[in-house]
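Enquirer: This is the structure I want to talk about, given as structure tokens.
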Amino acid sequence: MPLVSGLDVIAECTTRGLVAGAFNTTNIETTMGIVDAVERVGVPTFIQVAPTNVKLSGYEYVYDMVARRLATCPVPVALHLDHGKSLTAVEDAVAARFTSVMIDDSESPYDTNVATSAKARELAVPGIALEAELGSIGGKEDDVSPEHASTTDPAQVRDFVQRVGCDMLAVSVGNVHGHAPDARIDFDLLTKVREESPVPLVVHGGSGLPAEQLGRLAEFGVVKVNVASDLRNAMIRAFGEAYAANPHENSLIRVSLDAVAAITDVVEQRIRQLNPSA
Ligand SMILES: [Zn+2]
């Protein structure tokens, strides 16, 4: 089917009690691997790309690649801008027909974050989902590595969401970007945030969280969980292992297909961990 709006993914997941994985793509192998897994499991999903990862090709190429693969996929999937750190990035993704965008000004003072995010709401015209971030998620991924990570303050949540008009809210409740084996969700804080939020929540840093925690997020109003590092590592490992096994290996397509299969396995595992009853 054609790409759907992020609003449709949110609505279907909310209705069915599911959590959408949001998987970062960088290239055709990652894209193929993600969609193969989505077809196996049948859970609505976001495919996303951060501004740092369009250096090779630009947003239009990513749109074309993802939309072409999804044409034969029966599961609803939205194309999302991950960590739009500027309004220009949001504008560019919207111009390239992305169906969901994130504005991330979470490192700025509260009022600045509200103002920037509200401007992104104007750019994300009706039909495009908007994610904004309150509290700054720690760890390092892409160009996202705040000097001062901070948790989401429940007292700010309702005011922020109402003033921005976002459709989902990224929260910092113990989750950490990138390789973070010690990251743990603070479910007490997540509960307080959820009670204040008029919209569903988003958890970044899915790669670092244990399966047992991922499987509980649906009960806490979480609709989207970002996973990037796992997929990237699967692809890089496939190429590293091929080279280590034979430095004269020259079948690029064989190694590429191995990488796709490895990515598919990782994505399927994460979707099932997020939705143990699906
Ligand atoms: Zn993130």
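Identifiers in this document derive from the order of the structure tokens: chains are assigned A, B, ..., residues are numbered from 1 separately in each chain, and ligands are numbered from 1 in order of occurrence.
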Env of range 155-157 of chain A: 12 Å cut, atoms = only C-alpha atoms, seq-sep filter 6 positions within chain, self excluded. Answer as a short mmCIF file (atom, residue, chain, number, x, y, z; two decimals) with N, CA and C atoms, in the first residue's frame.
Expert:
```cif
data_model
loop_
_atom_site.label_atom_id
_atom_site.label_comp_id
_atom_site.auth_asym_id
_atom_site.auth_seq_id
_atom_site.Cartn_x
_atom_site.Cartn_y
_atom_site.Cartn_z
N TYR A 110 12.78 25.95 28.19
CA TYR A 110 11.40 25.50 27.98
C TYR A 110 10.64 26.36 26.97
N ASP A 111 10.64 27.68 27.18
CA ASP A 111 9.84 28.55 26.32
C ASP A 111 10.33 28.54 24.87
N ASN A 113 11.81 25.92 23.44
CA ASN A 113 11.36 24.61 22.94
C ASN A 113 9.89 24.69 22.50
N VAL A 114 9.07 25.33 23.32
CA VAL A 114 7.65 25.48 22.97
C VAL A 114 7.52 26.27 21.66
N ALA A 132 7.23 15.93 19.27
CA ALA A 132 8.12 16.90 19.89
C ALA A 132 8.72 16.26 21.14
N GLU A 133 9.82 16.83 21.63
CA GLU A 133 10.54 16.21 22.76
C GLU A 133 10.62 17.17 23.94
N LEU A 134 10.31 16.65 25.12
CA LEU A 134 10.38 17.43 26.36
C LEU A 134 11.23 16.65 27.36
N GLY A 135 12.33 17.28 27.81
CA GLY A 135 13.35 16.54 28.55
C GLY A 135 14.33 16.03 27.51
N ARG A 163 0.30 23.73 24.15
CA ARG A 163 0.80 24.92 23.43
C ARG A 163 1.41 24.55 22.09
N VAL A 164 2.02 23.38 21.99
CA VAL A 164 2.67 22.97 20.74
C VAL A 164 1.64 22.37 19.77
N GLY A 165 0.71 21.58 20.31
CA GLY A 165 -0.24 20.89 19.44
C GLY A 165 0.37 19.67 18.77
N CYS A 166 1.35 19.03 19.42
CA CYS A 166 1.98 17.84 18.84
C CYS A 166 1.05 16.63 18.98
N MET A 168 2.35 13.42 19.33
CA MET A 168 3.00 12.46 20.23
C MET A 168 4.18 13.16 20.88
N LEU A 169 4.55 12.66 22.06
CA LEU A 169 5.57 13.33 22.87
C LEU A 169 6.71 12.38 23.22
N ALA A 170 7.93 12.76 22.79
CA ALA A 170 9.12 11.98 23.16
C ALA A 170 9.55 12.35 24.56
N VAL A 171 9.77 11.33 25.39
CA VAL A 171 10.06 11.58 26.80
C VAL A 171 11.41 10.99 27.20
N SER A 172 11.97 11.58 28.24
CA SER A 172 13.25 11.14 28.79
C SER A 172 12.97 10.63 30.21
N LEU A 189 8.10 7.40 37.01
CA LEU A 189 8.12 8.69 36.29
C LEU A 189 7.28 8.60 35.01
N LEU A 190 7.41 7.48 34.31
CA LEU A 190 6.63 7.30 33.08
C LEU A 190 5.13 7.38 33.38
N LYS A 192 3.69 9.08 35.83
CA LYS A 192 3.34 10.49 36.11
C LYS A 192 3.25 11.28 34.80
N VAL A 193 4.18 11.04 33.88
CA VAL A 193 4.17 11.74 32.59
C VAL A 193 2.92 11.37 31.81
N ARG A 194 2.60 10.11 31.83
CA ARG A 194 1.45 9.62 31.07
C ARG A 194 0.15 10.24 31.58
N GLU A 195 0.05 10.37 32.91
CA GLU A 195 -1.17 10.95 33.49
C GLU A 195 -1.38 12.39 33.05
N GLU A 196 -0.28 13.08 32.74
CA GLU A 196 -0.38 14.50 32.35
C GLU A 196 -0.49 14.70 30.85
N SER A 197 -0.15 13.68 30.07
CA SER A 197 -0.04 13.89 28.62
C SER A 197 -1.35 13.60 27.89
N PRO A 198 -1.86 14.58 27.14
CA PRO A 198 -3.07 14.36 26.35
C PRO A 198 -2.80 13.51 25.10
N VAL A 199 -1.52 13.26 24.79
CA VAL A 199 -1.18 12.49 23.56
C VAL A 199 -0.31 11.29 23.92
N PRO A 200 -0.25 10.30 23.02
CA PRO A 200 0.60 9.12 23.29
C PRO A 200 2.09 9.51 23.38
N LEU A 201 2.86 8.62 24.02
CA LEU A 201 4.27 8.91 24.29
C LEU A 201 5.19 8.14 23.34
#
```
Enquirer: With DSSP run on the backbone, what are the alpha helix (DSSP H) residues within range 63-94 of chain A? I'd like them as a JSON list (two decimals) with C-alpha atoms, in the first residue's frame.
Expert:
```json
[["chain", "number", "residue", "atom", "x", "y", "z"],
["A", 63, "TYR", "CA", 11.20, 8.79, 0.12],
["A", 64, "ASP", "CA", 11.43, 7.09, -3.29],
["A", 65, "MET", "CA", 13.26, 4.05, -1.89],
["A", 66, "VAL", "CA", 10.87, 3.55, 1.01],
["A", 67, "ALA", "CA", 7.69, 4.24, -0.97],
["A", 68, "ARG", "CA", 8.70, 1.85, -3.75],
["A", 69, "ARG", "CA", 9.34, -1.01, -1.33],
["A", 70, "LEU", "CA", 6.11, -0.32, 0.58],
["A", 87, "LEU", "CA", 12.85, 23.94, 11.23],
["A", 88, "THR", "CA", 14.73, 23.66, 7.93],
["A", 89, "ALA", "CA", 15.02, 19.90, 8.38],
["A", 90, "VAL", "CA", 11.28, 19.71, 9.07],
["A", 91, "GLU", "CA", 10.56, 21.81, 5.99],
["A", 92, "ASP", "CA", 12.79, 19.64, 3.80],
["A", 93, "ALA", "CA", 11.20, 16.40, 4.99],
["A", 94, "VAL", "CA", 7.68, 17.78, 4.46]]
```
Enquirer: Can you pull out every residue within 8 Å of Ala124 in chain A, counting only C-alpha atoms, but drop anything in the same chain fewer than 2 positions away, and send it as a VMD selection string?
Expert: chain A and resid 90 94 100 to 101 120 to 122 126 to 130
Enquirer: To check your reading of the model: which residues sit at most 10 Å from ligand 1 when counting only C-alpha atoms and all ligand atoms? Write the answer as a PyMOL selection string.
Expert: chain A and resi 24+50+82-83+102+104+133+136-145+170-172+175-178+202-206+225-228
Enquirer: List the neighbours of Arg254 in chain A out to 12 Å using only C-alpha atoms; skip same-chain residues closer than 6 positions along the sequence, and give me the result as JSON, numbers by chain.
Expert: {"A": [29, 238, 239, 242, 260, 261]}
Enquirer: How would the residues just chosen look if you wrote them out with C-alpha atoms as a compact mmCIF listing (two decimals), in the first residue's frame?
Expert:
```txt
# COMPACT_ATOMS: atom_id res chain seq x y z
CA GLU A 29 19.70 -2.79 2.70
CA ALA A 238 27.73 -8.71 8.47
CA PHE A 239 30.33 -6.88 6.40
CA ALA A 242 32.62 -11.38 5.64
CA VAL A 260 19.45 -7.63 4.91
CA ALA A 261 18.66 -10.99 6.52
```
Enquirer: Distance CA of Phe23 in chain A-CA of Phe187 in chain A, one decimal place?
Expert: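 So the answer is 23.2 Å.
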Enquirer: As a list in words, which residues of range 104-188 of chain A does DSSP assign to strand (DSSP E or B)?
Expert: Ala129, Leu130, Glu131, Ala132, Glu133, Leu134, Gly138, Gly139, Glu141, Val144, Met168, Leu169, Ala170, Val171, Val176 and His177 of chain A
Enquirer: Could the residues in this selection be written to a file with N, CA and C atoms, as a CSV table (one decimal), in the first residue's frame?
Expert:
```
chain,number,residue,atom,x,y,z
A,129,ALA,N,2.0,13.7,11.0
A,129,ALA,CA,2.1,13.6,12.4
A,129,ALA,C,3.3,14.4,12.9
A,130,LEU,N,3.2,15.0,14.1
A,130,LEU,CA,4.3,15.8,14.7
A,130,LEU,C,4.6,15.2,16.0
A,131,GLU,N,5.9,14.9,16.2
A,131,GLU,CA,6.5,14.5,17.5
A,131,GLU,C,7.4,15.6,18.0
A,132,ALA,N,7.2,15.9,19.3
A,132,ALA,CA,8.1,16.9,19.9
A,132,ALA,C,8.7,16.3,21.1
A,133,GLU,N,9.8,16.8,21.6
A,133,GLU,CA,10.5,16.2,22.8
A,133,GLU,C,10.6,17.2,23.9
A,134,LEU,N,10.3,16.6,25.1
A,134,LEU,CA,10.4,17.4,26.4
A,134,LEU,C,11.2,16.7,27.4
A,138,GLY,N,19.6,11.3,26.9
A,138,GLY,CA,21.0,11.2,26.9
A,138,GLY,C,21.6,10.2,26.0
A,139,GLY,N,22.9,10.0,26.0
A,139,GLY,CA,23.6,9.0,25.2
A,139,GLY,C,23.9,9.6,23.9
A,141,GLU,N,23.9,9.3,19.6
A,141,GLU,CA,23.4,8.7,18.4
A,141,GLU,C,23.3,9.8,17.3
A,144,VAL,N,22.9,13.6,17.9
A,144,VAL,CA,22.2,13.8,19.1
A,144,VAL,C,22.9,13.3,20.3
A,168,MET,N,2.4,13.4,19.3
A,168,MET,CA,3.0,12.5,20.2
A,168,MET,C,4.2,13.2,20.9
A,169,LEU,N,4.6,12.7,22.1
A,169,LEU,CA,5.6,13.3,22.9
A,169,LEU,C,6.7,12.4,23.2
A,170,ALA,N,7.9,12.8,22.8
A,170,ALA,CA,9.1,12.0,23.2
A,170,ALA,C,9.5,12.4,24.6
A,171,VAL,N,9.8,11.3,25.4
A,171,VAL,CA,10.1,11.6,26.8
A,171,VAL,C,11.4,11.0,27.2
A,176,VAL,N,18.1,5.8,27.1
A,176,VAL,CA,19.3,6.4,26.6
A,176,VAL,C,19.6,6.0,25.2
A,177,HIS,N,20.1,6.9,24.4
A,177,HIS,CA,20.4,6.6,23.0
A,177,HIS,C,21.6,5.7,22.8
```
Enquirer: Which of these, A:Val4, A:Leu209, A:Ala234, A:Val35, has the shortest distance to Glu268 in chain A once you count only C-alpha atoms?
Expert: A:Val35
Enquirer: Give me the residues within 9 Å of range 38-48 of chain A as a PDB file with N, CA and C atoms, in the first residue's frame, counting only C-alpha atoms and dropping any in the same chain fewer than 3 places off.
Expert:
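File produced: result-v7.pdb:
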```pdb
ATOM      1  N   GLY A   6       1.573   9.257   9.611  1.00  0.00           N
ATOM      2  CA  GLY A   6       1.926   8.833  10.961  1.00  0.00           C
ATOM      3  C   GLY A   6       0.705   8.813  11.872  1.00  0.00           C
ATOM      4  N   ASP A   8      -2.205   7.764  11.106  1.00  0.00           N
ATOM      5  CA  ASP A   8      -2.889   6.474  10.924  1.00  0.00           C
ATOM      6  C   ASP A   8      -2.187   5.362  11.704  1.00  0.00           C
ATOM      7  N   VAL A   9      -0.848   5.401  11.737  1.00  0.00           N
ATOM      8  CA  VAL A   9      -0.104   4.393  12.508  1.00  0.00           C
ATOM      9  C   VAL A   9      -0.425   4.543  13.997  1.00  0.00           C
ATOM     10  N   ILE A  10      -0.452   5.799  14.468  1.00  0.00           N
ATOM     11  CA  ILE A  10      -0.779   6.052  15.876  1.00  0.00           C
ATOM     12  C   ILE A  10      -2.186   5.539  16.184  1.00  0.00           C
ATOM     13  N   GLU A  12      -4.096   3.301  14.604  1.00  0.00           N
ATOM     14  CA  GLU A  12      -4.289   1.844  14.555  1.00  0.00           C
ATOM     15  C   GLU A  12      -3.614   1.163  15.742  1.00  0.00           C
ATOM     16  N   CYS A  13      -2.433   1.631  16.108  1.00  0.00           N
ATOM     17  CA  CYS A  13      -1.741   1.031  17.262  1.00  0.00           C
ATOM     18  C   CYS A  13      -2.525   1.285  18.548  1.00  0.00           C
ATOM     19  N   LEU A  18      -1.235  -1.767  20.444  1.00  0.00           N
ATOM     20  CA  LEU A  18       0.099  -2.129  19.951  1.00  0.00           C
ATOM     21  C   LEU A  18       1.079  -0.966  20.136  1.00  0.00           C
ATOM     22  N   VAL A  19       2.358  -1.299  20.097  1.00  0.00           N
ATOM     23  CA  VAL A  19       3.406  -0.278  20.056  1.00  0.00           C
ATOM     24  C   VAL A  19       4.091  -0.376  18.694  1.00  0.00           C
ATOM     25  N   ALA A  20       4.181   0.754  17.999  1.00  0.00           N
ATOM     26  CA  ALA A  20       4.884   0.777  16.710  1.00  0.00           C
ATOM     27  C   ALA A  20       6.383   0.882  16.948  1.00  0.00           C
ATOM     28  N   GLY A  21       7.146  -0.006  16.365  1.00  0.00           N
ATOM     29  CA  GLY A  21       8.585   0.205  16.311  1.00  0.00           C
ATOM     30  C   GLY A  21       8.853   1.323  15.322  1.00  0.00           C
ATOM     31  N   ALA A  22       9.915   2.095  15.579  1.00  0.00           N
ATOM     32  CA  ALA A  22      10.331   3.135  14.629  1.00  0.00           C
ATOM     33  C   ALA A  22      11.791   2.859  14.326  1.00  0.00           C
ATOM     34  N   PHE A  23      12.025   2.378  13.106  1.00  0.00           N
ATOM     35  CA  PHE A  23      13.348   1.857  12.759  1.00  0.00           C
ATOM     36  C   PHE A  23      14.044   2.810  11.802  1.00  0.00           C
ATOM     37  N   ASN A  24      15.308   3.124  12.121  1.00  0.00           N
ATOM     38  CA  ASN A  24      16.057   4.064  11.295  1.00  0.00           C
ATOM     39  C   ASN A  24      16.666   3.385  10.087  1.00  0.00           C
ATOM     40  N   THR A  25      16.464   4.005   8.934  1.00  0.00           N
ATOM     41  CA  THR A  25      17.112   3.511   7.728  1.00  0.00           C
ATOM     42  C   THR A  25      18.250   4.451   7.345  1.00  0.00           C
ATOM     43  N   THR A  26      19.193   3.920   6.594  1.00  0.00           N
ATOM     44  CA  THR A  26      20.279   4.720   6.048  1.00  0.00           C
ATOM     45  C   THR A  26      20.442   4.423   4.570  1.00  0.00           C
ATOM     46  N   THR A  31      16.461  -0.581   4.586  1.00  0.00           N
ATOM     47  CA  THR A  31      15.046  -0.439   4.234  1.00  0.00           C
ATOM     48  C   THR A  31      14.415  -1.794   3.923  1.00  0.00           C
ATOM     49  N   GLY A  33      15.444  -4.735   4.833  1.00  0.00           N
ATOM     50  CA  GLY A  33      15.420  -5.562   6.043  1.00  0.00           C
ATOM     51  C   GLY A  33      14.257  -5.195   6.951  1.00  0.00           C
ATOM     52  N   ILE A  34      14.008  -3.888   7.125  1.00  0.00           N
ATOM     53  CA  ILE A  34      12.903  -3.441   7.988  1.00  0.00           C
ATOM     54  C   ILE A  34      11.566  -3.928   7.423  1.00  0.00           C
ATOM     55  N   VAL A  35      11.344  -3.697   6.125  1.00  0.00           N
ATOM     56  CA  VAL A  35      10.014  -4.012   5.568  1.00  0.00           C
ATOM     57  C   VAL A  35       9.790  -5.523   5.517  1.00  0.00           C
ATOM     58  N   VAL A  66      11.812   4.116   0.039  1.00  0.00           N
ATOM     59  CA  VAL A  66      10.875   3.550   1.014  1.00  0.00           C
ATOM     60  C   VAL A  66       9.503   3.342   0.371  1.00  0.00           C
ATOM     61  N   CYS A  73       3.732  -3.834   0.260  1.00  0.00           N
ATOM     62  CA  CYS A  73       3.630  -4.233   1.677  1.00  0.00           C
ATOM     63  C   CYS A  73       2.197  -4.012   2.159  1.00  0.00           C
ATOM     64  N   PRO A  74       1.538  -5.037   2.702  1.00  0.00           N
ATOM     65  CA  PRO A  74       0.145  -4.879   3.123  1.00  0.00           C
ATOM     66  C   PRO A  74      -0.036  -4.221   4.494  1.00  0.00           C
ATOM     67  N   VAL A  75       1.060  -3.922   5.169  1.00  0.00           N
ATOM     68  CA  VAL A  75       0.988  -3.377   6.530  1.00  0.00           C
ATOM     69  C   VAL A  75       1.175  -1.851   6.469  1.00  0.00           C
ATOM     70  N   PRO A  76       0.387  -1.069   7.242  1.00  0.00           N
ATOM     71  CA  PRO A  76       0.547   0.389   7.225  1.00  0.00           C
ATOM     72  C   PRO A  76       1.900   0.832   7.791  1.00  0.00           C
ATOM     73  N   VAL A  77       2.625   1.644   7.018  1.00  0.00           N
ATOM     74  CA  VAL A  77       3.927   2.160   7.448  1.00  0.00           C
ATOM     75  C   VAL A  77       3.992   3.648   7.109  1.00  0.00           C
ATOM     76  N   ALA A  78       4.497   4.455   8.059  1.00  0.00           N
ATOM     77  CA  ALA A  78       4.693   5.893   7.841  1.00  0.00           C
ATOM     78  C   ALA A  78       6.187   6.177   7.703  1.00  0.00           C
ATOM     79  N   LEU A  79       6.503   7.254   6.965  1.00  0.00           N
ATOM     80  CA  LEU A  79       7.899   7.680   6.820  1.00  0.00           C
ATOM     81  C   LEU A  79       8.105   8.933   7.672  1.00  0.00           C
ATOM     82  N   HIS A  80       9.050   8.841   8.613  1.00  0.00           N
ATOM     83  CA  HIS A  80       9.182   9.832   9.695  1.00  0.00           C
ATOM     84  C   HIS A  80      10.567  10.474   9.687  1.00  0.00           C
ATOM     85  N   LEU A  81      10.611  11.775   9.944  1.00  0.00           N
ATOM     86  CA  LEU A  81      11.881  12.476  10.172  1.00  0.00           C
ATOM     87  C   LEU A  81      12.250  12.331  11.635  1.00  0.00           C
ATOM     88  N   ASP A  82      13.408  11.713  11.905  1.00  0.00           N
ATOM     89  CA  ASP A  82      13.873  11.514  13.272  1.00  0.00           C
ATOM     90  C   ASP A  82      14.766  12.694  13.680  1.00  0.00           C
ATOM     91  N   SER A 100       5.344  12.069   8.567  1.00  0.00           N
ATOM     92  CA  SER A 100       5.467  12.230  10.010  1.00  0.00           C
ATOM     93  C   SER A 100       6.814  12.905  10.253  1.00  0.00           C
ATOM     94  N   VAL A 101       6.872  13.828  11.220  1.00  0.00           N
ATOM     95  CA  VAL A 101       8.142  14.532  11.477  1.00  0.00           C
ATOM     96  C   VAL A 101       8.338  14.735  12.974  1.00  0.00           C
ATOM     97  N   LYS A 224       5.127   4.580  20.271  1.00  0.00           N
ATOM     98  CA  LYS A 224       6.241   4.516  19.303  1.00  0.00           C
ATOM     99  C   LYS A 224       7.544   4.335  20.072  1.00  0.00           C
ATOM    100  N   ASN A 226      11.725   3.992  19.335  1.00  0.00           N
ATOM    101  CA  ASN A 226      12.773   4.115  18.314  1.00  0.00           C
ATOM    102  C   ASN A 226      13.870   3.075  18.507  1.00  0.00           C
ATOM    103  N   THR A 264      16.615  -7.964   9.157  1.00  0.00           N
ATOM    104  CA  THR A 264      15.246  -8.472   9.290  1.00  0.00           C
ATOM    105  C   THR A 264      15.069  -9.194  10.619  1.00  0.00           C
ATOM    106  N   VAL A 267      14.932  -6.665  13.531  1.00  0.00           N
ATOM    107  CA  VAL A 267      13.696  -5.869  13.542  1.00  0.00           C
ATOM    108  C   VAL A 267      12.517  -6.742  13.984  1.00  0.00           C
ATOM    109  N   GLU A 268      12.443  -7.965  13.469  1.00  0.00           N
ATOM    110  CA  GLU A 268      11.351  -8.864  13.874  1.00  0.00           C
ATOM    111  C   GLU A 268      11.392  -9.107  15.385  1.00  0.00           C
ATOM    112  N   ILE A 271      10.121  -5.986  17.223  1.00  0.00           N
ATOM    113  CA  ILE A 271       8.654  -5.787  17.117  1.00  0.00           C
ATOM    114  C   ILE A 271       7.941  -6.772  18.039  1.00  0.00           C
ATOM    115  N   ARG A 272       8.418  -8.013  18.082  1.00  0.00           N
ATOM    116  CA  ARG A 272       7.774  -9.017  18.954  1.00  0.00           C
ATOM    117  C   ARG A 272       7.990  -8.696  20.428  1.00  0.00           C
ATOM    118  N   ASN A 275       5.572  -6.107  21.393  1.00  0.00           N
ATOM    119  CA  ASN A 275       4.179  -6.559  21.325  1.00  0.00           C
ATOM    120  C   ASN A 275       4.088  -8.056  21.628  1.00  0.00           C
ATOM    121  N   ALA A 278       1.045  -9.874  20.328  1.00  0.00           N
ATOM    122  CA  ALA A 278       0.619  -9.692  18.920  1.00  0.00           C
ATOM    123  C   ALA A 278       0.852 -10.974  18.105  1.00  0.00           C
TER     124      ALA A 278
END
```
Enquirer: Under the rule that only C-alpha atoms are counted, which of A:Thr191, A:Thr151, A:Gln273, A:Thr14 is the nearest residue to Glu107 in chain A?
Expert: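 Selected residue with least distance to Glu107 in chain A: A:Thr151.
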